[in-house]
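K.L.:
Starting off with a structure, shown below.
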Amino acid sequence: MRIGKWFGRAIALLWAVLLLGSCGGREAMRWQSAESYFDRPVLEEIIEDNSTVPISRLEGRVRVSEMVSNPRLVWVDFNTEGMCGRLGCAYVVYGESEEGWKRLWMQYLDPHLPPDVPLVSRSSTKPVWASFCLDINQLEGETALRRMQVCWDGKEMRKVEQKRIRLDDF
């Protein structure tokens, strides 16, 4: 009985590794500094829109991950001193349009997760109307995760579903 259980977990782990290595699984976010991604005036505007902390205190601490290249959509990670509080840390999605950069989504999240659990990853599933989706994980107690799927429909980010996952099943 125990061998079957471990064999099943080994197969599940192998399947997860294969998915992670392909386009279909949780895709790792590729990070870079916000200063190297945005022009200085754009970065200043983004920081001013989301914080009262002076830009000089945030320089070199804000990072971005481009999720879509055309049109450009980026996840902005403000997980730094001054941007975190009892609600968590500020995370924002910005999109580029003809009018400039626009905030599409913002949430305070707790970045403290188990080492093998990503805060955010590209989702392996999405509704037919969505061009991409993100899976966002948050701890729920000591034994479970709350996974929220947020998708881009071409105009806005929408929360599609939320489910509870036991950490043992992750």
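Convention: chains lettered A, B, ... in structure tokens order; per-chain residue numbering from 1; ligands numbered from 1 as shown.
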Among the residues of region 53-165 of chain A, find those DSSP assigns to helix (DSSP H, G or I) from the backbone and print them as a PyMOL selection string.
P.N.:
chain A and resi 55-58
K.L.:
Could you write out the selected residues, including C-alpha atoms, as a PDB file, in the first residue's frame?
P.N.:
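Dumped everything to part03.pdb:
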```pdb
ATOM      1  CA  ILE A  55      11.830  57.002  -5.173  1.00  0.00           C
ATOM      2  CA  SER A  56      15.355  57.365  -3.749  1.00  0.00           C
ATOM      3  CA  ARG A  57      14.471  54.774  -1.054  1.00  0.00           C
ATOM      4  CA  LEU A  58      13.097  52.320  -3.624  1.00  0.00           C
TER       5      LEU A  58
END
```
K.L.:
Give me, as an MDAnalysis selection string, all polymer residues having an atom no more than 6 Å from Asp77 (chain A), counting only C-alpha atoms and skipping those fewer than 2 positions away in the same chain.
P.N.:
chainID A and resid 62:64 79 91
K.L.:
So that I can check the surroundings of region 151-153 of chain A, please list as a PDB file with N, CA and C atoms, in the first residue's frame every protein, DNA and RNA residue that reaches within 6 Å of it, counting only C-alpha atoms and ignoring chain neighbours fewer than 4 positions away.
P.N.:
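around_34.pdb written:
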```
ATOM      1  N   ALA A 130      -9.080  34.325 -22.530  1.00  0.00           N
ATOM      2  CA  ALA A 130      -7.916  34.975 -21.911  1.00  0.00           C
ATOM      3  C   ALA A 130      -6.665  34.789 -22.753  1.00  0.00           C
ATOM      4  N   SER A 131      -5.861  35.853 -22.837  1.00  0.00           N
ATOM      5  CA  SER A 131      -4.590  35.708 -23.545  1.00  0.00           C
ATOM      6  C   SER A 131      -3.512  35.121 -22.637  1.00  0.00           C
ATOM      7  N   PHE A 132      -3.625  35.322 -21.332  1.00  0.00           N
ATOM      8  CA  PHE A 132      -2.749  34.641 -20.376  1.00  0.00           C
ATOM      9  C   PHE A 132      -3.367  34.743 -19.005  1.00  0.00           C
ATOM     10  N   CYS A 133      -2.923  33.863 -18.120  1.00  0.00           N
ATOM     11  CA  CYS A 133      -3.401  33.861 -16.733  1.00  0.00           C
ATOM     12  C   CYS A 133      -2.224  33.669 -15.785  1.00  0.00           C
ATOM     13  N   MET A 157      -7.514  42.893 -16.101  1.00  0.00           N
ATOM     14  CA  MET A 157      -7.205  41.676 -15.364  1.00  0.00           C
ATOM     15  C   MET A 157      -8.464  41.297 -14.600  1.00  0.00           C
ATOM     16  N   ARG A 158      -8.831  40.009 -14.678  1.00  0.00           N
ATOM     17  CA  ARG A 158     -10.030  39.547 -13.981  1.00  0.00           C
ATOM     18  C   ARG A 158      -9.707  38.322 -13.147  1.00  0.00           C
TER      19      ARG A 158
END
```
K.L.:
Do you know which residues are at most 9 Å from Arg103 (chain A) counting only C-alpha atoms, after dropping those on the same chain fewer than 3 positions away, and could you put them as an NGL selection string?
P.N.:
:A and (46 or 49 or 92-95 or 106)
K.L.:
Just write the chosen residues, C-alpha atoms, as a PDB file, in the first residue's frame.
P.N.:
```pdb
ATOM      1  CA  ILE A  46       4.590  54.034 -11.273  1.00  0.00           C
ATOM      2  CA  ASP A  49       0.987  55.939  -8.175  1.00  0.00           C
ATOM      3  CA  VAL A  92       0.928  45.525  -9.450  1.00  0.00           C
ATOM      4  CA  VAL A  93       0.323  44.650 -13.110  1.00  0.00           C
ATOM      5  CA  TYR A  94       0.920  47.423 -15.642  1.00  0.00           C
ATOM      6  CA  GLY A  95       0.085  47.433 -19.319  1.00  0.00           C
ATOM      7  CA  MET A 106      -3.039  45.750  -7.727  1.00  0.00           C
TER       8      MET A 106
END
```
